[in-house]
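See below for target_16.tsv, which holds TSV, C-alpha atoms and all ligand atoms.
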chain	number	residue	atom	x	y	z
D	268	MET	CA	9.51	-4.85	-27.21
D	269	GLY	CA	11.77	-7.08	-29.31
D	270	PHE	CA	15.44	-7.71	-28.71
D	271	TRP	CA	16.59	-5.14	-31.25
D	272	ASP	CA	14.51	-2.40	-29.65
D	273	VAL	CA	15.96	-3.19	-26.24
D	274	PHE	CA	19.45	-3.34	-27.74
D	275	ARG	CA	19.06	-0.04	-29.59
D	276	ARG	CA	17.80	1.65	-26.46
D	277	LYS	CA	20.74	0.35	-24.47
D	278	LYS	CA	23.16	1.49	-27.13
D	279	GLU	CA	21.56	4.92	-27.23
D	280	LYS	CA	21.76	5.19	-23.43
D	281	ALA	CA	25.45	4.24	-23.46
D	282	ARG	CA	26.10	6.89	-26.11
D	283	GLU	CA	24.22	9.55	-24.16
D	284	SER	CA	26.11	8.70	-21.01
D	285	ALA	CA	29.49	8.84	-22.75
D	286	SER	CA	28.70	12.22	-24.27
D	287	GLN	CA	27.54	13.51	-20.87
D	288	TRP	CA	30.90	12.52	-19.38
D	289	GLU	CA	32.71	14.10	-22.33
D	290	LYS	CA	30.85	17.37	-21.92
D	291	GLY	CA	31.15	17.38	-18.15
D	292	LEU	CA	34.92	16.96	-18.27
D	293	GLU	CA	35.49	19.31	-21.18
D	294	LYS	CA	37.12	22.12	-19.20
D	295	THR	CA	39.43	19.82	-17.29
D	296	ARG	CA	40.35	17.88	-20.41
D	297	THR	CA	40.99	20.89	-22.63
D	298	SER	CA	43.04	22.74	-20.07
D	299	PHE	CA	45.14	19.71	-19.11
D	300	TRP	CA	45.98	18.48	-22.61
D	301	SER	CA	46.69	21.89	-24.07
D	302	LYS	CA	49.27	22.39	-21.32
D	303	ILE	CA	50.73	18.97	-22.00
D	304	LYS	CA	50.99	19.75	-25.69
D	305	ARG	CA	52.72	23.03	-24.98
D	306	ALA	CA	55.14	21.40	-22.56
D	307	LEU	CA	55.94	18.62	-25.00
D	308	GLY	CA	56.80	21.10	-27.73
D	309	GLY	CA	58.60	19.14	-30.38
D	310	ARG	CA	60.19	16.83	-27.83
D	311	PRO	CA	60.66	13.41	-29.38
D	312	LYS	CA	61.08	11.69	-26.03
D	313	ILE	CA	59.92	12.07	-22.45
D	314	ASP	CA	62.80	13.04	-20.18
D	315	ALA	CA	63.35	14.23	-16.62
D	316	ASP	CA	62.84	17.87	-17.67
D	317	PHE	CA	59.44	17.13	-19.04
D	318	LEU	CA	58.43	15.21	-15.93
D	319	GLU	CA	59.07	18.34	-13.88
D	320	GLU	CA	56.70	20.26	-16.11
D	321	LEU	CA	54.18	17.48	-15.92
D	322	GLU	CA	54.31	17.68	-12.14
D	323	ASP	CA	53.31	21.36	-12.30
D	324	ILE	CA	50.55	20.67	-14.79
D	325	LEU	CA	49.06	17.97	-12.57
D	326	ILE	CA	49.19	20.30	-9.57
D	327	THR	CA	47.37	23.04	-11.52
D	328	ALA	CA	44.71	20.50	-12.48
D	329	ASP	CA	44.16	20.11	-8.72
D	330	VAL	CA	45.45	16.60	-8.43
D	331	GLY	CA	46.72	16.69	-4.82
D	332	VAL	CA	50.42	16.78	-4.00
D	333	ASP	CA	50.57	13.21	-2.68
D	334	THR	CA	48.79	11.84	-5.69
D	335	VAL	CA	50.97	13.80	-8.08
D	336	GLY	CA	54.03	12.44	-6.27
D	337	TYR	CA	52.72	8.93	-6.73
D	338	ILE	CA	52.15	9.41	-10.46
D	339	ILE	CA	55.47	11.17	-11.13
D	340	GLN	CA	57.52	8.72	-9.15
D	341	ARG	CA	56.31	5.82	-11.25
D	342	LEU	CA	57.08	7.70	-14.43
D	343	GLU	CA	60.54	8.63	-13.19
D	344	GLU	CA	61.31	5.00	-12.46
D	345	THR	CA	60.36	4.00	-15.96
D	346	VAL	CA	62.22	6.88	-17.63
D	347	GLU	CA	65.33	6.11	-15.63
D	348	ARG	CA	65.15	2.39	-16.28
D	349	GLU	CA	64.55	2.77	-19.99
D	350	GLY	CA	66.54	5.95	-20.64
D	351	GLY	CA	63.45	7.87	-21.73
D	352	MET	CA	59.97	7.11	-22.91
D	353	THR	CA	57.95	7.75	-26.05
D	354	VAL	CA	54.99	10.12	-25.92
D	355	GLU	CA	52.65	7.25	-26.60
D	356	ALA	CA	54.11	5.27	-23.73
D	357	LEU	CA	53.61	8.30	-21.48
D	358	TYR	CA	49.95	8.47	-22.37
D	359	GLU	CA	49.51	4.78	-21.80
D	360	HIS	CA	51.28	5.05	-18.46
D	361	LEU	CA	49.06	7.94	-17.35
D	362	TYR	CA	45.95	6.16	-18.52
D	363	ARG	CA	46.72	3.06	-16.50
D	364	ASN	CA	48.00	4.86	-13.41
D	365	MET	CA	45.16	7.33	-13.19
D	366	GLY	CA	42.62	4.57	-13.66
D	367	ALA	CA	44.23	2.56	-10.87
D	368	LEU	CA	44.11	5.57	-8.51
D	369	LEU	CA	40.34	5.63	-8.80
D	370	VAL	CA	39.82	2.10	-7.64
D	371	VAL	CA	39.12	2.19	-3.92
D	372	ASP	CA	38.78	-0.99	-1.97
D	373	GLN	CA	36.27	-0.11	0.72
D	374	LYS	CA	33.08	-2.13	1.10
D	375	SER	CA	29.81	-0.72	2.40
D	376	PRO	CA	26.08	-1.57	2.18
D	377	TRP	CA	25.97	0.20	-1.21
D	378	ASP	CA	27.94	-2.69	-2.70
D	379	GLU	CA	25.16	-5.06	-1.69
D	380	GLY	CA	22.63	-2.96	-3.59
D	381	VAL	CA	19.82	-0.78	-2.27
D	382	SER	CA	17.50	-3.78	-2.24
D	383	SER	CA	19.61	-5.25	0.57
D	384	ARG	CA	17.83	-2.97	3.09
D	385	LYS	CA	14.35	-1.57	3.16
D	386	PRO	CA	14.34	1.31	3.43
D	387	PHE	CA	17.92	1.90	2.33
D	388	VAL	CA	18.94	5.08	4.15
D	389	ILE	CA	21.38	7.60	2.72
D	390	MET	CA	22.48	10.61	4.74
D	391	VAL	CA	23.95	13.47	2.73
D	392	VAL	CA	26.46	15.84	4.33
D	393	GLY	CA	28.76	18.63	3.20
D	394	VAL	CA	29.46	22.33	3.52
D	395	ASN	CA	27.02	25.00	2.34
D	396	GLY	CA	26.76	25.36	-1.40
D	397	ALA	CA	28.52	22.06	-2.17
D	398	GLY	CA	25.44	20.84	-4.01
D	399	LYS	CA	23.75	18.56	-1.44
D	400	THR	CA	20.14	19.52	-2.10
D	401	THR	CA	20.61	19.51	-5.87
D	402	THR	CA	22.30	16.11	-5.71
D	403	ILE	CA	19.47	14.71	-3.59
D	404	GLY	CA	16.94	15.86	-6.19
D	405	LYS	CA	18.96	14.24	-8.96
D	406	LEU	CA	19.38	11.07	-6.90
D	407	ALA	CA	15.62	10.83	-6.34
D	408	HIS	CA	15.15	11.02	-10.09
D	409	TRP	CA	17.90	8.47	-10.72
D	410	PHE	CA	16.55	5.93	-8.20
D	411	LYS	CA	13.07	6.29	-9.65
D	412	ALA	CA	14.43	5.53	-13.09
D	413	GLN	CA	15.84	2.33	-11.53
D	414	GLY	CA	12.33	1.45	-10.42
D	415	LYS	CA	12.86	2.35	-6.75
D	416	SER	CA	10.48	4.38	-4.61
D	417	VAL	CA	12.07	7.29	-2.78
D	418	ILE	CA	11.31	9.61	0.14
D	419	LEU	CA	13.27	12.72	1.07
D	420	GLY	CA	13.80	14.15	4.55
D	421	ALA	CA	14.35	17.90	4.89
D	422	ALA	CA	16.68	17.78	7.88
D	423	ASP	CA	18.35	21.02	6.83
D	424	THR	CA	16.03	23.05	9.04
D	425	PHE	CA	18.46	25.95	9.40
D	426	ARG	CA	16.89	28.10	6.72
D	427	ALA	CA	13.31	28.11	5.43
D	428	ALA	CA	14.71	28.46	1.91
D	429	ALA	CA	16.52	25.16	2.26
D	430	ILE	CA	13.26	23.31	2.94
D	431	ASP	CA	11.56	25.03	0.01
D	432	GLN	CA	14.46	24.17	-2.25
D	433	LEU	CA	14.25	20.48	-1.38
D	434	ARG	CA	10.47	20.62	-1.87
D	435	THR	CA	10.98	21.96	-5.39
D	436	TRP	CA	13.29	19.03	-6.15
D	437	ALA	CA	10.86	16.54	-4.59
D	438	GLU	CA	8.12	17.89	-6.87
D	439	ARG	CA	10.38	17.78	-9.89
D	440	ALA	CA	11.34	14.19	-9.20
D	441	ASP	CA	7.79	13.42	-8.12
D	442	VAL	CA	8.67	11.86	-4.76
D	443	PRO	CA	7.26	12.49	-1.25
D	444	MET	CA	9.13	14.60	1.29
D	445	VAL	CA	8.98	14.90	5.08
D	446	ALA	CA	9.53	18.40	6.49
D	447	HIS	CA	9.01	20.25	9.75
D	448	GLN	CA	9.02	23.98	10.44
D	449	PRO	CA	12.20	25.97	9.87
D	450	GLY	CA	14.33	25.82	13.00
D	451	ALA	CA	12.91	22.43	14.05
D	452	ASP	CA	15.13	19.65	15.36
D	453	PRO	CA	16.83	17.97	12.36
D	454	GLY	CA	16.93	14.67	14.26
D	455	ALA	CA	13.15	14.70	14.57
D	456	VAL	CA	12.82	15.20	10.80
D	457	ALA	CA	15.15	12.28	10.13
D	458	PHE	CA	13.19	10.15	12.63
D	459	ASP	CA	9.86	10.94	10.95
D	460	THR	CA	11.30	10.34	7.49
D	461	LEU	CA	12.49	6.85	8.38
D	462	GLN	CA	9.21	6.02	10.07
D	463	ALA	CA	7.27	7.20	7.03
D	464	ALA	CA	9.55	5.17	4.77
D	465	GLN	CA	8.90	2.04	6.82
D	466	ALA	CA	5.16	2.62	7.07
D	467	ARG	CA	4.83	3.17	3.32
D	468	GLY	CA	7.23	0.43	2.29
D	469	ILE	CA	9.54	2.86	0.47
D	470	ASP	CA	12.83	1.60	-0.97
D	471	VAL	CA	15.19	4.53	-0.46
D	472	ALA	CA	15.18	7.36	2.11
D	473	ILE	CA	17.55	10.27	1.54
D	474	ILE	CA	18.22	12.76	4.32
D	475	ASP	CA	19.36	16.30	3.52
D	476	THR	CA	21.37	18.07	6.24
D	477	ALA	CA	22.41	21.64	6.90
D	478	GLY	CA	25.69	22.87	5.46
D	479	ARG	CA	27.87	22.01	8.38
D	480	LEU	CA	30.88	24.22	8.29
D	481	HIS	CA	33.66	21.78	8.82
D	482	THR	CA	35.31	24.33	11.05
D	483	LYS	CA	32.36	24.62	13.43
D	484	GLU	CA	32.48	21.94	16.08
D	485	PRO	CA	28.88	22.15	17.38
D	486	LEU	CA	27.44	21.83	13.90
D	487	MET	CA	29.57	18.80	13.28
D	488	ARG	CA	28.41	17.25	16.54
D	489	GLU	CA	24.85	17.67	15.40
D	490	LEU	CA	25.53	15.16	12.63
D	491	GLY	CA	26.20	12.59	15.32
D	492	LYS	CA	22.88	13.41	16.99
D	493	ILE	CA	20.96	12.95	13.74
D	494	ARG	CA	22.59	9.55	13.25
D	495	LYS	CA	21.70	8.49	16.78
D	496	VAL	CA	18.06	9.38	16.32
D	497	MET	CA	17.90	7.46	13.04
D	498	LYS	CA	19.14	4.35	14.82
D	499	LYS	CA	16.08	4.43	17.07
D	500	VAL	CA	13.98	3.64	14.01
D	501	ILE	CA	16.48	1.49	12.07
D	502	PRO	CA	19.42	0.25	14.15
D	503	ASP	CA	21.92	0.09	11.26
D	504	ALA	CA	20.85	3.39	9.65
D	505	PRO	CA	22.17	5.39	7.96
D	506	HIS	CA	23.43	2.68	5.63
D	507	GLU	CA	25.40	5.19	3.65
D	508	THR	CA	26.75	8.63	4.53
D	509	TRP	CA	27.84	10.56	1.47
D	510	LEU	CA	29.93	13.68	1.55
D	511	VAL	CA	29.18	16.10	-1.26
D	512	LEU	CA	32.23	17.97	-2.55
D	513	ASP	CA	32.27	20.89	-4.95
D	514	ALA	CA	34.97	20.21	-7.57
D	515	THR	CA	35.40	23.93	-8.27
D	516	THR	CA	36.93	24.34	-4.80
D	517	GLY	CA	39.83	22.12	-5.84
D	518	GLN	CA	42.16	21.17	-3.03
D	519	ASN	CA	39.81	22.71	-0.49
D	520	ALA	CA	37.51	19.78	-1.22
D	521	LEU	CA	40.20	17.41	-0.04
D	522	GLN	CA	40.53	19.44	3.16
D	523	GLN	CA	36.79	19.20	3.75
D	524	ALA	CA	36.84	15.48	3.16
D	525	ARG	CA	39.52	15.11	5.85
D	526	ARG	CA	37.56	17.20	8.36
D	527	PHE	CA	34.28	15.43	7.77
D	528	SER	CA	35.73	11.97	7.83
D	529	ALA	CA	37.31	12.78	11.20
D	530	VAL	CA	33.91	13.42	12.78
D	531	THR	CA	31.52	11.16	10.92
D	532	PRO	CA	31.99	7.81	9.19
D	533	LEU	CA	31.78	8.39	5.44
D	534	THR	CA	30.98	5.59	3.02
D	535	GLY	CA	30.99	7.56	-0.20
D	536	LEU	CA	31.68	10.81	-1.97
D	537	VAL	CA	29.73	12.77	-4.53
D	538	VAL	CA	31.77	15.25	-6.56
D	539	THR	CA	29.61	18.02	-8.02
D	540	LYS	CA	30.10	20.77	-10.61
D	541	LEU	CA	32.73	18.93	-12.62
D	542	ASP	CA	31.19	20.61	-15.64
D	543	GLY	CA	32.09	24.07	-14.38
D	544	THR	CA	35.76	23.63	-13.68
D	545	ALA	CA	39.19	22.70	-14.98
D	546	LYS	CA	39.98	21.30	-11.51
D	547	GLY	CA	38.54	17.88	-12.27
D	548	GLY	CA	41.86	16.35	-11.21
D	549	VAL	CA	40.59	16.63	-7.66
D	550	VAL	CA	38.58	13.48	-8.36
D	551	LEU	CA	41.83	11.51	-8.55
D	552	SER	CA	43.14	12.77	-5.25
D	553	VAL	CA	39.97	12.51	-3.17
D	554	ALA	CA	39.49	8.90	-4.15
D	555	HIS	CA	43.16	8.02	-3.72
D	556	GLU	CA	44.04	10.03	-0.61
D	557	MET	CA	40.79	9.51	1.31
D	558	GLY	CA	40.33	5.88	0.36
D	559	ILE	CA	36.61	6.60	0.07
D	560	PRO	CA	34.86	5.60	-3.14
D	561	ILE	CA	33.18	8.19	-5.33
D	562	ARG	CA	29.55	7.17	-5.78
D	563	PHE	CA	28.21	9.80	-8.15
D	564	VAL	CA	29.38	12.90	-9.97
D	565	GLY	CA	27.43	16.02	-10.87
D	566	LEU	CA	27.97	17.07	-14.47
D	567	GLY	CA	25.46	19.94	-14.68
D	568	GLU	CA	22.53	21.61	-12.97
D	569	LYS	CA	19.69	19.65	-14.54
D	570	ILE	CA	17.91	16.72	-12.94
D	571	GLU	CA	19.50	14.19	-15.28
D	572	ASP	CA	23.03	15.59	-14.88
D	573	LEU	CA	24.14	13.02	-12.33
D	574	ARG	CA	26.11	9.93	-13.25
D	575	PRO	CA	27.03	6.94	-11.14
D	576	PHE	CA	30.79	7.15	-10.94
D	577	ASP	CA	32.93	4.67	-12.74
D	578	ALA	CA	36.65	4.97	-13.24
D	579	GLN	CA	36.57	3.84	-16.85
D	580	SER	CA	34.07	6.49	-17.95
D	581	PHE	CA	35.96	9.19	-16.08
D	582	ILE	CA	39.37	8.34	-17.48
D	583	THR	CA	38.10	7.76	-20.99
D	584	ALA	CA	36.35	11.15	-21.00
D	585	PHE	CA	39.37	12.83	-19.45
D	586	PHE	CA	41.79	11.62	-22.11
D	587	ASP	CA	41.83	13.59	-25.32
D	588	GLU	CA	42.33	11.49	-28.41
D	589	LYS	CA	43.01	14.59	-30.52
D	590	ALA	CA	45.86	15.61	-28.26
D	591	MET	CA	47.33	12.18	-28.71
D	592	GLU	CA	46.95	12.15	-32.48
D	593	THR	CA	48.84	15.40	-32.91
D	594	THR	CA	51.65	14.67	-30.49
D	595	ALA	CA	52.17	10.94	-30.79
Z	601	LIG	N1	27.11	23.38	-12.81
Z	601	LIG	C1	26.71	22.64	-11.77
Z	601	LIG	N2	26.10	23.25	-10.74
Z	601	LIG	C2	25.70	22.48	-9.69
Z	601	LIG	C3	25.92	21.08	-9.66
Z	601	LIG	N3	25.42	20.60	-8.48
Z	601	LIG	C4	24.94	21.68	-7.82
Z	601	LIG	N4	25.10	22.82	-8.52
Z	601	LIG	C5	24.73	24.20	-8.15
Z	601	LIG	O1	25.35	24.54	-6.92
Z	601	LIG	C6	24.57	25.45	-6.18
Z	601	LIG	C7	24.43	24.99	-4.74
Z	601	LIG	O2	23.69	23.80	-4.69
Z	601	LIG	P1	22.84	23.33	-3.44
Z	601	LIG	O3	22.26	22.01	-3.80
Z	601	LIG	O4	21.89	24.38	-3.00
Z	601	LIG	O5	23.97	23.15	-2.33
Z	601	LIG	P2	23.81	22.77	-0.77
Z	601	LIG	O6	23.94	24.05	-0.01
Z	601	LIG	O7	24.97	21.87	-0.49
Z	601	LIG	O8	22.51	22.10	-0.59
Z	601	LIG	C8	23.25	25.54	-6.93
Z	601	LIG	O9	23.23	26.73	-7.66
Z	601	LIG	C9	23.25	24.34	-7.86
Z	601	LIG	O10	22.53	24.55	-9.04
Z	601	LIG	C10	26.58	20.47	-10.79
Z	601	LIG	O11	26.85	19.26	-10.86
Z	601	LIG	N5	26.95	21.30	-11.80
Z	602	MG	MG	20.95	22.57	0.71
Do you think you could lay out the structure here as structure tokens?
Amino acid sequence: MGFWDVFRRKKEKARESASQWEKGLEKTRTSFWSKIKRALGGRPKIDADFLEELEDILITADVGVDTVGYIIQRLEETVEREGGMTVEALYEHLYRNMGALLVVDQKSPWDEGVSSRKPFVIMVVGVNGAGKTTTIGKLAHWFKAQGKSVILGAADTFRAAAIDQLRTWAERADVPMVAHQPGADPGAVAFDTLQAAQARGIDVAIIDTAGRLHTKEPLMRELGKIRKVMKKVIPDAPHETWLVLDATTGQNALQQARRFSAVTPLTGLVVTKLDGTAKGGVVLSVAHEMGIPIRFVGLGEKIEDLRPFDAQSFITAFFDEKAMETTA
């Protein structure tokens, strides 16, 4: 393939990805900017009154209270200092501030790349229905597209249906899976998965877990047991522990993140179902308030509807250029 073919393919991929972000954030974007437009009315300048309305709008978009406070305070300082602010300056301010909120300075093995460990082990946790199994299927597909071999471990042994569901995803992504009988010890499944990964020289092992209700202590303790068993095979496993959060639950997601991070060390977050909600603002607060980086986001139910998270793509897709044209 010549340079131009490679270039065209890259360009096409970048376009596809941008439009996936755009579509995925459509509800959040539309709802947020139509409220902003309404609140602005014919206002020529941003004043203290408007900032109060903006505060409410951010809260309804499920940006957490602390994060909203942080954003508003900065705006207030500027408005006070400069005796007001143009609409364009407001947009620029929001664009920069929101982008900055998404940058989390926490290093983990992920930053060294999956090739830094073999197998690279990712444990996936979260409450029932958050989208763990679906995300694992999408991840398997994504890693394969990066040229990595993958194995899945069905350590959600609570329900037979959960094992079947992961098997369906393993088949779809065309990757092997290790499973035991329903009701089996999840630690034993994780153990066997890591051993199989080592024996077969597989690059990435992803472990599914049961939907631990963050309110149920014994279930949470079980996560610790699974981790301990993994370490018998690979002392520094799991290299990553990702908490899957359902964006449609809004502020509840932040609550879950707090509970999980209290009982198990988390190195990343995956925010799912952004496509189905106007509560996409929760992305800003989980990253900012938890100080845990978002690794991936789910933008739909299909196997390719998973994007590696990056602040620039999120913010760019969240901002609505049409809203700016008509109000600026
Ligand atoms: N629209 C949408 N639905 C999703 C997404 N991720 C997961 N789901 C749906 O959420 C539901 C629960 O997912 P599942 O993976 O079974 O959750 P688990 O209990 O955490 O394993 C399923 O119906 C999925 O199709 C997403 O990014 N977008
Ligand atoms: Mg599941």
Could you report the residues within 9 Å of ligand LIG 601 (chain Z), using only C-alpha atoms and all ligand atoms, as a PyMOL selection string? chain D and resi 291+392-404+423+429+432-433+475-478+511-514+538-544+564-569+572-573
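The coordinates place CA of Leu551 in chain D at 15.4 Å from CA of Gln523 in chain D.
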Which residue of D:His506, D:Arg426, D:His555, D:His408 approaches ligand MG 602 (chain Z) most closely, using only C-alpha atoms and all ligand atoms: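 Looking at the shortest contact to ligand MG 602 (chain Z), the residue is D:Arg426.
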Which distance in Å separates CA of Pro376 in chain D and CA of Asp503 in chain D, to one decimal?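 Interatomic distance, CA of Pro376 in chain D to CA of Asp503 in chain D: 10.1 Å.
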Hey, which of D:Thr508, D:Asp272, D:Ala584, D:Gly468 ends up closest to Arg384 in chain D? Count only C-alpha atoms.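 That would be D:Gly468, the residue with the smallest distance to Arg384 in chain D.
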Using only C-alpha atoms and all ligand atoms, which of the listed residues (D:Arg467, D:Lys546, D:Lys492, D:Arg434) sits closest to ligand MG 602 (chain Z)? D:Arg434
To one decimal in Å, tell me the separation between CA of Ala421 in chain D and CA of Thr515 in chain D. 25.5 Å
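The closest residue to ligand MG 602 (chain Z), picked from D:Asp452, D:Glu484, D:Asp431, D:Asp441 and counting only C-alpha atoms and all ligand atoms, is D:Asp431.
Proximity of D:Ala455, D:Ala422, D:Met497, D:Leu533 to ligand MG 602 (chain Z), computed with all atoms listed in the file, is greatest for D:Ala422.
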Which residue out of D:Gly308, D:Gly420, D:Gly350, D:Gly269 has the minimum interatomic distance to ligand MG 602 (chain Z) when only C-alpha atoms and all ligand atoms are used?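 Checking each of D:Gly308, D:Gly420, D:Gly350, D:Gly269 against ligand MG 602 (chain Z), counting only C-alpha atoms and all ligand atoms, the winner is D:Gly420.
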